Every structure is written in structure tokens, then in C-alpha cells.
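Q: Just so it is clear, I am handing over structure.cif, which has mmCIF, C-alpha atoms.
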data_input
loop_
_atom_site.label_atom_id
_atom_site.label_comp_id
_atom_site.auth_asym_id
_atom_site.auth_seq_id
_atom_site.Cartn_x
_atom_site.Cartn_y
_atom_site.Cartn_z
CA MET G 143 -27.25 -4.30 -11.46
CA MET G 144 -29.98 -6.55 -10.09
CA ASP G 145 -31.21 -6.89 -6.58
CA HIS G 146 -32.00 -10.42 -5.45
CA ASN G 147 -31.39 -12.77 -2.51
CA HIS G 148 -30.29 -11.06 0.68
CA VAL G 149 -27.22 -9.52 -0.86
CA ASN G 150 -27.68 -6.69 -3.35
CA CYS G 151 -25.01 -4.75 -5.24
CA GLU G 152 -24.66 -2.19 -2.50
CA THR G 153 -24.21 -4.67 0.33
CA LEU G 154 -21.78 -6.66 -1.80
CA LEU G 155 -19.74 -3.53 -2.40
CA GLY G 156 -19.63 -2.80 1.34
CA SER G 157 -18.28 -6.30 2.03
CA LEU G 158 -16.02 -6.55 -1.01
CA SER G 159 -12.70 -5.98 0.78
CA GLU G 160 -13.48 -8.47 3.51
CA TYR G 161 -14.73 -10.98 0.96
CA ILE G 162 -11.47 -10.68 -1.00
CA ASP G 163 -9.43 -10.99 2.20
CA GLY G 164 -11.37 -14.11 3.24
CA GLU G 165 -12.68 -12.53 6.43
CA LEU G 166 -16.41 -13.22 6.02
CA SER G 167 -18.48 -16.06 7.46
CA PRO G 168 -19.20 -19.00 5.14
CA GLU G 169 -22.92 -18.05 5.17
CA LEU G 170 -22.26 -14.52 3.96
CA CYS G 171 -19.80 -15.83 1.35
CA ARG G 172 -22.50 -18.12 0.00
CA GLU G 173 -24.96 -15.21 -0.22
CA ILE G 174 -22.37 -13.11 -1.99
CA GLU G 175 -21.57 -15.91 -4.43
CA LYS G 176 -25.27 -16.34 -5.18
CA HIS G 177 -25.46 -12.65 -6.01
CA LEU G 178 -22.27 -12.78 -8.10
CA ALA G 179 -23.63 -15.66 -10.18
CA GLY G 180 -26.46 -13.43 -11.41
CA CYS G 181 -24.77 -10.02 -11.55
CA ASP G 182 -22.22 -9.33 -14.31
CA ASN G 183 -21.25 -5.88 -13.05
CA CYS G 184 -20.47 -7.09 -9.53
CA ARG G 185 -18.37 -9.93 -10.99
CA VAL G 186 -16.37 -7.41 -13.01
CA VAL G 187 -15.88 -5.20 -9.96
CA LEU G 188 -14.70 -8.20 -7.92
CA ASN G 189 -12.32 -9.51 -10.63
CA THR G 190 -10.78 -6.13 -11.37
CA THR G 191 -10.42 -5.23 -7.68
CA ARG G 192 -8.64 -8.54 -7.05
CA ARG G 193 -6.38 -7.91 -10.05
CA THR G 194 -5.60 -4.38 -8.83
CA ILE G 195 -4.41 -5.78 -5.49
CA ASP G 196 -2.38 -8.53 -7.26
CA LEU G 197 -0.65 -5.91 -9.38
CA VAL G 198 0.54 -3.74 -6.49
CA GLN G 199 1.80 -6.86 -4.71
CA SER G 200 3.68 -8.21 -7.72
CA PRO G 201 7.45 -8.55 -7.28
CA ALA G 202 7.87 -6.10 -10.17
CA GLU G 203 6.55 -3.40 -7.83
CA ALA G 204 9.00 -4.20 -5.00
CA VAL G 205 11.46 -1.32 -5.27
CA PRO G 206 14.79 -1.95 -3.53
CA VAL G 207 16.72 0.82 -1.77
CA PRO G 208 19.33 2.08 -4.26
CA ASP G 209 22.92 1.46 -3.07
CA GLU G 210 23.81 5.16 -2.95
CA VAL G 211 20.68 5.89 -0.89
CA ARG G 212 21.66 3.16 1.58
CA GLU G 213 25.18 4.57 1.75
CA ARG G 214 23.96 8.10 2.52
CA LEU G 215 21.55 6.72 5.13
CA PHE G 216 24.30 4.83 6.99
CA LYS G 217 26.52 7.93 6.90
CA ARG G 218 23.74 10.16 8.26
CA LEU G 219 23.16 7.65 11.08
CA ASN G 220 26.90 7.43 11.83
CA LEU G 221 26.76 3.73 11.09
CA ASP G 222 29.00 3.84 8.02
CA ASP G 223 31.46 1.39 9.59
CA TYR G 224 28.65 -1.19 9.14
CA LEU G 225 28.04 -0.37 5.46
CA LYS G 226 29.42 -3.70 4.22
CA PRO G 227 28.39 -6.46 3.91
CA LYS G 228 24.74 -5.66 3.13
CA SER G 229 23.30 -8.34 5.41
CA GLN G 230 24.45 -11.41 7.29
CA MET K 237 1.60 -10.14 8.49
CA ILE K 238 4.75 -8.10 8.66
CA ASN K 239 7.54 -10.16 7.09
CA PRO K 240 9.42 -12.09 9.74
CA THR K 241 12.98 -10.85 10.05
CA PRO K 242 15.72 -13.28 8.99
CA GLN K 243 16.97 -13.42 12.53
CA GLU K 244 14.86 -11.81 15.25
CA LEU K 245 16.21 -8.39 16.22
CA SER K 246 17.18 -8.08 19.86
CA LEU K 247 15.32 -5.23 21.53
CA GLU K 248 17.64 -5.54 24.49
CA LYS K 249 20.73 -4.99 22.32
CA LEU K 250 19.05 -2.15 20.45
CA ARG K 251 18.10 -0.36 23.64
CA ALA K 252 21.60 -0.85 25.01
CA GLY K 253 22.92 1.01 21.96
CA ASP K 254 24.48 -1.97 20.16
CA ARG K 255 25.49 -0.34 16.85
CA ALA K 256 25.80 -3.62 14.93
CA GLU K 257 22.21 -4.46 15.90
CA MET K 258 21.09 -0.95 14.91
CA ALA K 259 22.71 -1.39 11.49
CA ARG K 260 20.90 -4.70 11.15
CA MET K 261 17.57 -3.08 12.03
CA VAL K 262 18.19 -0.37 9.43
CA ASP K 263 18.93 -2.99 6.76
CA VAL K 264 15.89 -5.10 7.65
CA PHE K 265 13.43 -2.20 7.51
CA SER K 266 14.90 0.34 5.11
CA ALA K 267 13.22 -1.12 2.01
CA PRO K 268 9.64 -0.95 3.38
CA VAL K 269 10.24 2.52 4.85
CA TYR K 270 11.72 3.75 1.56
CA ARG K 271 8.80 2.30 -0.43
CA LEU K 272 6.31 3.91 1.93
CA GLY K 273 8.02 7.25 1.35
CA LEU K 274 8.05 6.70 -2.40
CA ARG K 275 4.37 5.79 -2.52
CA MET K 276 3.29 8.59 -0.21
CA LEU K 277 5.39 11.42 -1.65
CA GLY K 278 5.90 10.20 -5.22
CA SER K 279 9.55 11.26 -5.55
CA PRO K 280 12.82 9.41 -4.79
CA GLN K 281 14.28 12.54 -3.14
CA ASP K 282 11.34 12.83 -0.72
CA ALA K 283 11.41 9.07 -0.12
CA GLU K 284 15.05 9.38 0.91
CA ASP K 285 14.14 12.19 3.34
CA VAL K 286 11.42 9.98 4.87
CA LEU K 287 13.94 7.13 5.13
CA GLN K 288 16.64 9.21 6.81
CA ASN K 289 14.27 11.06 9.16
CA THR K 290 12.55 7.82 10.20
CA PHE K 291 15.76 6.10 11.25
CA MET K 292 17.27 9.25 12.81
CA ASN K 293 14.12 9.54 14.88
CA ALA K 294 14.02 5.82 15.68
CA LEU K 295 17.66 5.59 16.78
CA THR K 296 17.26 8.71 18.94
CA HIS K 297 14.21 7.27 20.69
CA LEU K 298 15.19 3.60 20.89
CA SER K 299 15.81 3.79 24.62
CA GLU K 300 12.21 4.99 25.14
CA PHE K 301 10.65 2.23 23.02
CA GLU K 302 8.88 -0.04 25.46
CA GLY K 303 8.20 -2.90 23.11
CA ARG K 304 4.42 -2.80 23.51
CA SER K 305 4.13 -3.08 19.74
CA SER K 306 6.58 -4.87 17.46
CA ILE K 307 9.64 -3.02 16.20
CA ALA K 308 8.10 -3.15 12.72
CA THR K 309 4.84 -1.49 13.80
CA TRP K 310 6.79 1.11 15.78
CA LEU K 311 8.96 1.94 12.74
CA TYR K 312 5.94 2.10 10.44
CA ARG K 313 4.31 4.54 12.87
CA ILE K 314 7.38 6.81 12.79
CA ALA K 315 7.65 6.49 9.01
CA ALA K 316 3.96 7.36 8.55
CA ASN K 317 4.36 10.47 10.71
CA GLU K 318 7.49 11.55 8.86
CA ALA K 319 5.75 11.05 5.51
CA LEU K 320 2.66 13.00 6.59
CA MET K 321 4.81 15.84 7.97
CA LEU K 322 6.65 16.07 4.67
CA ILE K 323 3.36 16.04 2.72
CA ARG K 324 2.07 18.92 4.85
CA ARG K 325 5.26 20.83 4.14
CA ARG K 326 5.23 20.05 0.41
CA LYS K 327 1.52 20.48 -0.15
CA PRO K 328 0.07 22.71 2.58
CA GLU K 329 -3.24 22.88 0.70
CA VAL K 330 -3.89 19.15 1.22
CA ASN K 331 -6.32 18.40 4.00
CA ILE K 332 -5.10 15.08 5.32
CA GLU K 333 -7.92 14.75 7.83
CA ASP K 334 -10.58 14.39 5.15
CA LEU K 335 -13.70 13.67 7.17
CA GLN K 336 -15.22 11.64 4.37
CA ALA K 337 -12.46 9.05 4.68
CA ASP K 338 -14.33 7.19 7.38
CA ASP K 339 -17.80 7.58 5.94
CA PRO K 340 -18.65 4.05 4.78
CA ASP K 341 -21.09 5.33 2.16
CA ALA K 342 -18.99 8.03 0.55
CA GLY K 343 -17.93 7.61 -3.05
CA LEU K 344 -18.10 3.85 -3.33
CA MET K 345 -20.31 3.34 -6.37
CA PRO K 346 -18.33 1.95 -9.33
CA THR K 347 -18.94 3.47 -12.75
CA GLN K 348 -16.43 1.47 -14.84
CA PHE K 349 -17.40 -2.07 -15.80
CA VAL K 350 -14.75 -3.12 -18.30
CA ASP K 351 -13.30 -6.49 -17.29
CA TRP K 352 -9.56 -6.05 -17.85
CA SER K 353 -8.64 -8.67 -15.24
CA GLY K 354 -7.85 -11.24 -17.94
CA LEU K 355 -5.26 -9.09 -19.71
CA PRO K 356 -1.85 -10.81 -19.86
CA GLU K 357 0.85 -9.98 -17.29
CA ASN K 358 3.15 -8.55 -19.95
CA GLU K 359 0.49 -5.96 -20.75
CA LEU K 360 -0.40 -5.17 -17.12
CA LEU K 361 3.20 -5.06 -15.93
CA SER K 362 4.67 -3.34 -19.01
CA GLU K 363 6.47 -0.04 -18.40
CA GLU K 364 3.31 1.75 -19.45
CA GLY K 365 1.10 -0.42 -17.25
CA LYS K 366 3.32 0.18 -14.23
CA LYS K 367 3.28 3.93 -14.89
CA ALA K 368 -0.52 3.87 -15.01
CA LEU K 369 -0.62 1.96 -11.71
CA ASP K 370 1.81 4.37 -10.01
CA ALA K 371 -0.13 7.37 -11.31
CA ALA K 372 -3.41 5.85 -10.07
CA ILE K 373 -1.92 5.30 -6.59
CA GLN K 374 -0.80 8.94 -6.54
CA THR K 375 -4.41 10.08 -7.12
CA LEU K 376 -5.56 8.48 -3.85
CA PRO K 377 -6.19 10.99 -1.05
CA GLU K 378 -3.29 10.77 1.44
CA ASN K 379 -5.25 9.19 4.28
CA LEU K 380 -6.56 6.42 2.03
CA ARG K 381 -3.19 5.97 0.35
CA MET K 382 -1.41 5.47 3.68
CA VAL K 383 -3.77 2.64 4.65
CA PHE K 384 -3.56 1.11 1.17
CA VAL K 385 0.26 1.22 1.11
CA MET K 386 0.56 -0.43 4.52
CA ARG K 387 -2.08 -3.09 3.98
CA ASP K 388 -1.87 -3.94 0.27
CA VAL K 389 1.63 -2.90 -0.75
CA GLU K 390 3.52 -3.84 2.40
CA GLY K 391 1.19 -6.60 3.54
CA LEU K 392 0.51 -5.49 7.11
CA SER K 393 -2.60 -6.93 8.77
CA ILE K 394 -5.62 -4.76 9.55
CA LYS K 395 -4.55 -4.71 13.21
CA GLU K 396 -0.93 -3.81 12.46
CA THR K 397 -2.08 -1.00 10.14
CA ALA K 398 -4.52 0.26 12.79
CA ASP K 399 -1.79 0.18 15.47
CA ALA K 400 0.73 1.98 13.27
CA LEU K 401 -1.72 4.74 12.34
CA GLY K 402 -3.61 5.07 15.61
CA LEU K 403 -6.90 4.15 13.91
CA THR K 404 -9.59 1.63 14.79
CA GLY K 405 -9.79 -1.59 12.78
CA THR K 406 -13.15 -0.41 11.40
CA ASN K 407 -11.58 2.84 10.14
CA VAL K 408 -8.80 0.88 8.47
CA LYS K 409 -11.30 -1.43 6.76
CA THR K 410 -13.42 1.48 5.53
CA ARG K 411 -10.41 3.36 4.19
CA LEU K 412 -8.99 0.21 2.60
CA LEU K 413 -12.25 -0.51 0.76
CA ARG K 414 -12.46 3.07 -0.50
CA ALA K 415 -8.83 3.04 -1.59
CA ARG K 416 -9.19 -0.27 -3.45
CA LEU K 417 -12.37 0.84 -5.22
CA HIS K 418 -10.85 4.21 -6.13
CA LEU K 419 -7.78 2.52 -7.64
CA ARG K 420 -9.89 -0.06 -9.45
CA GLU K 421 -11.97 2.72 -10.96
CA ARG K 422 -8.86 4.57 -12.19
CA LEU K 423 -7.23 1.48 -13.64
CA SER K 424 -10.50 0.43 -15.28
CA ALA K 425 -10.77 3.81 -17.02
CA TYR K 426 -7.16 3.45 -18.15
CA TYR K 427 -7.57 -0.09 -19.50
CA ALA K 428 -10.91 0.73 -21.15
CA GLU K 429 -9.14 3.42 -23.16
CA ARG K 430 -6.09 1.24 -23.71
CA SER K 431 -8.14 -1.64 -25.14
CA GLN K 432 -9.76 0.80 -27.61
CA HIS K 433 -6.25 1.74 -28.75
CA LEU K 434 -5.28 -1.91 -29.13
CA ILE K 435 -8.41 -2.65 -31.16
CA ARG K 436 -7.67 0.34 -33.42
CA GLU K 437 -4.03 -0.80 -33.84
CA ASP K 438 -5.21 -4.32 -34.74
CA LYS K 439 -7.60 -2.93 -37.33
CA ASN K 440 -4.90 -0.75 -38.85
CA ASP K 441 -2.50 -3.70 -38.98
CA GLY K 442 -5.13 -5.79 -40.75
CA SER K 443 -5.98 -3.24 -43.45
#
Since I need it in another form, could you write the structure as C-alpha cells?
A:
Amino acid sequence: MMDHNHVNCETLLGSLSEYIDGELSPELCREIEKHLAGCDNCRVVLNTTRRTIDLVQSPAEAVPVPDEVRERLFKRLNLDDYLKPKSQ
Amino acid sequence: MINPTPQELSLEKLRAGDRAEMARMVDVFSAPVYRLGLRMLGSPQDAEDVLQNTFMNALTHLSEFEGRSSIATWLYRIAANEALMLIRRRKPEVNIEDLQADDPDAGLMPTQFVDWSGLPENELLSEEGKKALDAAIQTLPENLRMVFVMRDVEGLSIKETADALGLTGTNVKTRLLRARLHLRERLSAYYAERSQHLIREDKNDGS
């Protein structure tokens, strides 16, 4: 990894989450983008971190509560008279 | 942001013991609470315990809930405590208060530089890909995993996560960064090996 401009690999890494979440100032973003343009490893780390977050947020990962689990929950809470319908 | 509820729950009705409103609250929040349990404990049975204990606890203490935070944040706080209690019971050797968790410089340096981000969805979200992702999440230390699950899986804001866990926003950000980098490292190692397999399979097919 190379060290140039104001942002080096280490400072980029420290700001990576906030950069991905769009929480940094435009000035700092520009510095980071300058660094990214010349640093392959940091680009890979950024791309793969973004992809990791995308994957956990994908609808395929959204597990619903199984019906029998919901049924046992309502019984335990003495709310079984409200078991059906599932939602208004 | 915590997902807006289809129709705002009435705190007044809940506190007055309105059972229909309680049932509605349970239905609105049972999926995120169940998922939190599943991600934190790794087993459906334990996730169900977290789910039941969270709502038992919540319904018992509804009258004391002052509404200083949102119902969602309050429920996440209870769910997080229930999950951590169960982890302590299941794995007494785990030290949840890992001091390094809030050290901004600890264990951040990436070592894997394979760019797997362009792999197609059907590869990344195949049964095998999902298993690798779940396994990688399970390798996160509990205190990092809790922050990661709330922020990245359930989509809470930094502030909501901090409120639910009694942490500062800075702590949440530090833990989130460490969790994301840890997961990225694990998945990168997995996909580096996986792409070697694919290349070998291609070669064998071609010969």
C-alpha cells in the first residue's frame, strides 16, 4: 500500500465505515477518493467491505419467525386468543 | 432507522394493558428480536428462548416504560440483555467485556486482498455462500457481533444502537468498523479459496 496525499492506508481504514455510510465531510471524501485512485489494496478492501454489508442486508438473509415459534410465543404470553390473523 | 411500524403502536394502550395492542406489538417486533437471537446464539432453539424471554420481560415491565426511547429501542435493549445472559449461561468461558473492543487500533489491518465483490449474486447467495456468511458472523466476538447485528443486519442508526446497548456513539462506530473488517477478512479468505476451486473445476472440465 502506498502513502500519499493526506490520507494514507491507515487513516482510510479508520474512516472506512463512516465513508461507506456517507457520514464524512465532502473534503475528507475527496481526500479518500484521491487515495483510492492510486491504491489497489484499499480499493479492494472498500469494495469487499461494501459487498459484505450488502450481503447481510439482502432479503435472502431476512429470516421470518416460523409459524410454530409464533404460536408457542403467543401461548407463553397468554395472548393465544390473538393468534389469528397474523397482522391487520 | 428502525422500520416504521405499519400503524404506530399506542404506548397509552400498551401501558393500560390493552391485550390486542400487546399482540400487535409482539407481531411487529418478533421478527427482528428472533433474528437477533439467531445471530447472537446461532441456534433456532436459543433464538426462541431469547424471543420468549424478551416479550415476557417486556409485557411484565410495560407499565414502567416511560417512553424516553422508542418502543423499538426499548425492546432491542431487552433483547440484547436476554441474548447476552443466555450466551453467558451457554458459554461461561466467553468474556463479553473484551477490553480490546473499543481500542480503535486493535486488529484492523487487512491481510486478504482478493476482490470477490464482482462475483455474481447466485454465487454469493447460494446455499454454500449463505452458510459461509453465517459461519463468518458467528466468529465475531459477541460484543462486536451485537453492534453489527443491530446496525448492519437490522438497520438501526448509530444512535439507536448506542441507546439500546448503553454505549457511546464513538464506541458503536469503533465496534462496527472492527466487526465489518473482521467479517470482510473471513469472507475474503473463503472466496479466495473458493475461486481456486472454481478455477480447478474449469480446468478439469476443459481437459
Q: What do you get, as an MDAnalysis selection string, if you spell out every residue that the PyMOL selection byres ((chain G and resi 173-179) around 8) selects here?
A: chainID G and resid 146:151 154 169:172 180:182 184:185
Q: Write a file of the selected residues as a tab-separated table (two decimals), in the coordinates of the input, keeping C-alpha atoms.
A:
chain	number	residue	atom	x	y	z
G	146	HIS	CA	-32.00	-10.42	-5.45
G	147	ASN	CA	-31.39	-12.77	-2.51
G	148	HIS	CA	-30.29	-11.06	0.68
G	149	VAL	CA	-27.22	-9.52	-0.86
G	150	ASN	CA	-27.68	-6.69	-3.35
G	151	CYS	CA	-25.01	-4.75	-5.24
G	154	LEU	CA	-21.78	-6.66	-1.80
G	169	GLU	CA	-22.92	-18.05	5.17
G	170	LEU	CA	-22.26	-14.52	3.96
G	171	CYS	CA	-19.80	-15.83	1.35
G	172	ARG	CA	-22.50	-18.12	0.00
G	180	GLY	CA	-26.46	-13.43	-11.41
G	181	CYS	CA	-24.77	-10.02	-11.55
G	182	ASP	CA	-22.22	-9.33	-14.31
G	184	CYS	CA	-20.47	-7.09	-9.53
G	185	ARG	CA	-18.37	-9.93	-10.99
Q: Can you write out as CSV which residues of chain G fall within 7 Å of chain K, alongside each residue's closest atom pair and its distance in Å to one decimal, counting only C-alpha atoms and ordering rows by chain and ascending residue number?
A:
residue,atom,partner,partner_atom,distance
G:Ser159,CA,K:Leu413,CA,5.5
G:Asn183,CA,K:Phe349,CA,6.1
G:Val186,CA,K:Asp351,CA,5.3
G:Val187,CA,K:Phe349,CA,6.8
G:Asn189,CA,K:Ser353,CA,6.0
G:Thr190,CA,K:Ser353,CA,5.1
G:Thr191,CA,K:Arg420,CA,5.5
G:Arg193,CA,K:Ser353,CA,5.7
G:Thr194,CA,K:Arg420,CA,6.1
G:Ile195,CA,K:Asp388,CA,6.6
G:Val198,CA,K:Val389,CA,5.9
G:Gln199,CA,K:Val389,CA,5.6
G:Val205,CA,K:Arg271,CA,6.6
G:Pro206,CA,K:Ala267,CA,5.8
G:Val207,CA,K:Ala267,CA,5.5
G:Val211,CA,K:Glu284,CA,6.9
G:Leu215,CA,K:Gln288,CA,5.8
G:Leu219,CA,K:Met292,CA,6.3
G:Leu221,CA,K:Ala259,CA,6.5
G:Tyr224,CA,K:Ala259,CA,6.4
Q: Please list, as an MDAnalysis selection string, the residues that have an atom at most 9 Å away from (2.5, 17.3, 2.1) in the coordinates of this file, counting all atoms listed in the file.
A: chainID K and resid 277 319:330 332 378
Q: What is the distance, in Å and to one decimal place, between atom CA of K:Gly303 and atom CA of K:Leu247?
A: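 Going from atom CA of K:Gly303 over to atom CA of K:Leu247, I get 7.7 Å.
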Q: I'd like the box whose edges run along x, y and z of the file and which contains every listed atom of stretch 418-421 of chain K, padded by 3 Å per side; could you state its centre and edge lengths in Å, one decimal, as AutoDock Vina command-line options?
A:
--center_x -9.9 --center_y 2.1 --center_z -8.5 --size_x 10.2 --size_y 10.3 --size_z 10.8
Q: Using the incomplete input, complete stretch 369-397 of chain K to the level of N, CA and C atoms; output as a PDB file, in the coordinates of the input.
A:
ATOM      1  N   LEU K 369      -0.346   2.398 -13.084  1.00  0.00           N
ATOM      2  CA  LEU K 369      -0.620   1.960 -11.710  1.00  0.00           C
ATOM      3  C   LEU K 369      -0.061   2.976 -10.710  1.00  0.00           C
ATOM      4  N   ASP K 370       1.197   3.383 -10.920  1.00  0.00           N
ATOM      5  CA  ASP K 370       1.810   4.370 -10.010  1.00  0.00           C
ATOM      6  C   ASP K 370       1.017   5.675 -10.005  1.00  0.00           C
ATOM      7  N   ALA K 371       0.617   6.108 -11.214  1.00  0.00           N
ATOM      8  CA  ALA K 371      -0.130   7.370 -11.310  1.00  0.00           C
ATOM      9  C   ALA K 371      -1.470   7.233 -10.590  1.00  0.00           C
ATOM     10  N   ALA K 372      -2.106   6.064 -10.730  1.00  0.00           N
ATOM     11  CA  ALA K 372      -3.410   5.850 -10.070  1.00  0.00           C
ATOM     12  C   ALA K 372      -3.242   5.898  -8.553  1.00  0.00           C
ATOM     13  N   ILE K 373      -2.165   5.291  -8.044  1.00  0.00           N
ATOM     14  CA  ILE K 373      -1.920   5.300  -6.590  1.00  0.00           C
ATOM     15  C   ILE K 373      -1.722   6.740  -6.106  1.00  0.00           C
ATOM     16  N   GLN K 374      -1.042   7.540  -6.934  1.00  0.00           N
ATOM     17  CA  GLN K 374      -0.800   8.940  -6.540  1.00  0.00           C
ATOM     18  C   GLN K 374      -2.092   9.771  -6.485  1.00  0.00           C
ATOM     19  N   THR K 375      -3.154   9.303  -7.164  1.00  0.00           N
ATOM     20  CA  THR K 375      -4.410  10.080  -7.120  1.00  0.00           C
ATOM     21  C   THR K 375      -5.231   9.772  -5.859  1.00  0.00           C
ATOM     22  N   LEU K 376      -4.815   8.777  -5.082  1.00  0.00           N
ATOM     23  CA  LEU K 376      -5.560   8.480  -3.850  1.00  0.00           C
ATOM     24  C   LEU K 376      -5.340   9.609  -2.835  1.00  0.00           C
ATOM     25  N   PRO K 377      -6.392  10.030  -2.145  1.00  0.00           N
ATOM     26  CA  PRO K 377      -6.190  10.990  -1.050  1.00  0.00           C
ATOM     27  C   PRO K 377      -5.202  10.398  -0.032  1.00  0.00           C
ATOM     28  N   GLU K 378      -4.389  11.247   0.579  1.00  0.00           N
ATOM     29  CA  GLU K 378      -3.290  10.770   1.440  1.00  0.00           C
ATOM     30  C   GLU K 378      -3.725   9.782   2.521  1.00  0.00           C
ATOM     31  N   ASN K 379      -4.863  10.070   3.169  1.00  0.00           N
ATOM     32  CA  ASN K 379      -5.250   9.190   4.280  1.00  0.00           C
ATOM     33  C   ASN K 379      -5.692   7.804   3.809  1.00  0.00           C
ATOM     34  N   LEU K 380      -6.219   7.743   2.577  1.00  0.00           N
ATOM     35  CA  LEU K 380      -6.560   6.420   2.030  1.00  0.00           C
ATOM     36  C   LEU K 380      -5.297   5.729   1.517  1.00  0.00           C
ATOM     37  N   ARG K 381      -4.401   6.547   0.929  1.00  0.00           N
ATOM     38  CA  ARG K 381      -3.190   5.970   0.350  1.00  0.00           C
ATOM     39  C   ARG K 381      -2.316   5.329   1.430  1.00  0.00           C
ATOM     40  N   MET K 382      -2.249   5.997   2.587  1.00  0.00           N
ATOM     41  CA  MET K 382      -1.410   5.470   3.680  1.00  0.00           C
ATOM     42  C   MET K 382      -1.899   4.069   4.096  1.00  0.00           C
ATOM     43  N   VAL K 383      -3.204   3.932   4.266  1.00  0.00           N
ATOM     44  CA  VAL K 383      -3.770   2.640   4.650  1.00  0.00           C
ATOM     45  C   VAL K 383      -3.521   1.603   3.547  1.00  0.00           C
ATOM     46  N   PHE K 384      -3.742   2.020   2.306  1.00  0.00           N
ATOM     47  CA  PHE K 384      -3.560   1.110   1.170  1.00  0.00           C
ATOM     48  C   PHE K 384      -2.101   0.637   1.072  1.00  0.00           C
ATOM     49  N   VAL K 385      -1.158   1.573   1.225  1.00  0.00           N
ATOM     50  CA  VAL K 385       0.260   1.220   1.110  1.00  0.00           C
ATOM     51  C   VAL K 385       0.637   0.217   2.209  1.00  0.00           C
ATOM     52  N   MET K 386       0.188   0.481   3.424  1.00  0.00           N
ATOM     53  CA  MET K 386       0.560  -0.430   4.520  1.00  0.00           C
ATOM     54  C   MET K 386      -0.066  -1.807   4.349  1.00  0.00           C
ATOM     55  N   ARG K 387      -1.354  -1.814   4.035  1.00  0.00           N
ATOM     56  CA  ARG K 387      -2.080  -3.090   3.980  1.00  0.00           C
ATOM     57  C   ARG K 387      -1.792  -3.857   2.679  1.00  0.00           C
ATOM     58  N   ASP K 388      -1.948  -3.206   1.546  1.00  0.00           N
ATOM     59  CA  ASP K 388      -1.870  -3.940   0.270  1.00  0.00           C
ATOM     60  C   ASP K 388      -0.489  -3.951  -0.357  1.00  0.00           C
ATOM     61  N   VAL K 389       0.291  -2.891  -0.167  1.00  0.00           N
ATOM     62  CA  VAL K 389       1.630  -2.900  -0.750  1.00  0.00           C
ATOM     63  C   VAL K 389       2.584  -3.630   0.190  1.00  0.00           C
ATOM     64  N   GLU K 390       2.560  -3.257   1.463  1.00  0.00           N
ATOM     65  CA  GLU K 390       3.520  -3.840   2.400  1.00  0.00           C
ATOM     66  C   GLU K 390       2.999  -5.078   3.130  1.00  0.00           C
ATOM     67  N   GLY K 391       1.724  -5.354   3.006  1.00  0.00           N
ATOM     68  CA  GLY K 391       1.190  -6.600   3.540  1.00  0.00           C
ATOM     69  C   GLY K 391       0.969  -6.649   5.048  1.00  0.00           C
ATOM     70  N   LEU K 392       0.829  -5.485   5.685  1.00  0.00           N
ATOM     71  CA  LEU K 392       0.510  -5.490   7.110  1.00  0.00           C
ATOM     72  C   LEU K 392      -0.928  -5.981   7.313  1.00  0.00           C
ATOM     73  N   SER K 393      -1.219  -6.519   8.481  1.00  0.00           N
ATOM     74  CA  SER K 393      -2.600  -6.930   8.770  1.00  0.00           C
ATOM     75  C   SER K 393      -3.418  -5.679   9.089  1.00  0.00           C
ATOM     76  N   ILE K 394      -4.745  -5.866   9.176  1.00  0.00           N
ATOM     77  CA  ILE K 394      -5.620  -4.760   9.550  1.00  0.00           C
ATOM     78  C   ILE K 394      -5.192  -4.216  10.924  1.00  0.00           C
ATOM     79  N   LYS K 395      -4.902  -5.135  11.850  1.00  0.00           N
ATOM     80  CA  LYS K 395      -4.550  -4.710  13.210  1.00  0.00           C
ATOM     81  C   LYS K 395      -3.216  -3.952  13.235  1.00  0.00           C
ATOM     82  N   GLU K 396      -2.242  -4.485  12.501  1.00  0.00           N
ATOM     83  CA  GLU K 396      -0.930  -3.810  12.460  1.00  0.00           C
ATOM     84  C   GLU K 396      -1.056  -2.415  11.850  1.00  0.00           C
ATOM     85  N   THR K 397      -1.873  -2.308  10.778  1.00  0.00           N
ATOM     86  CA  THR K 397      -2.080  -1.000  10.140  1.00  0.00           C
ATOM     87  C   THR K 397      -2.764  -0.054  11.124  1.00  0.00           C
TER      88      THR K 397
END
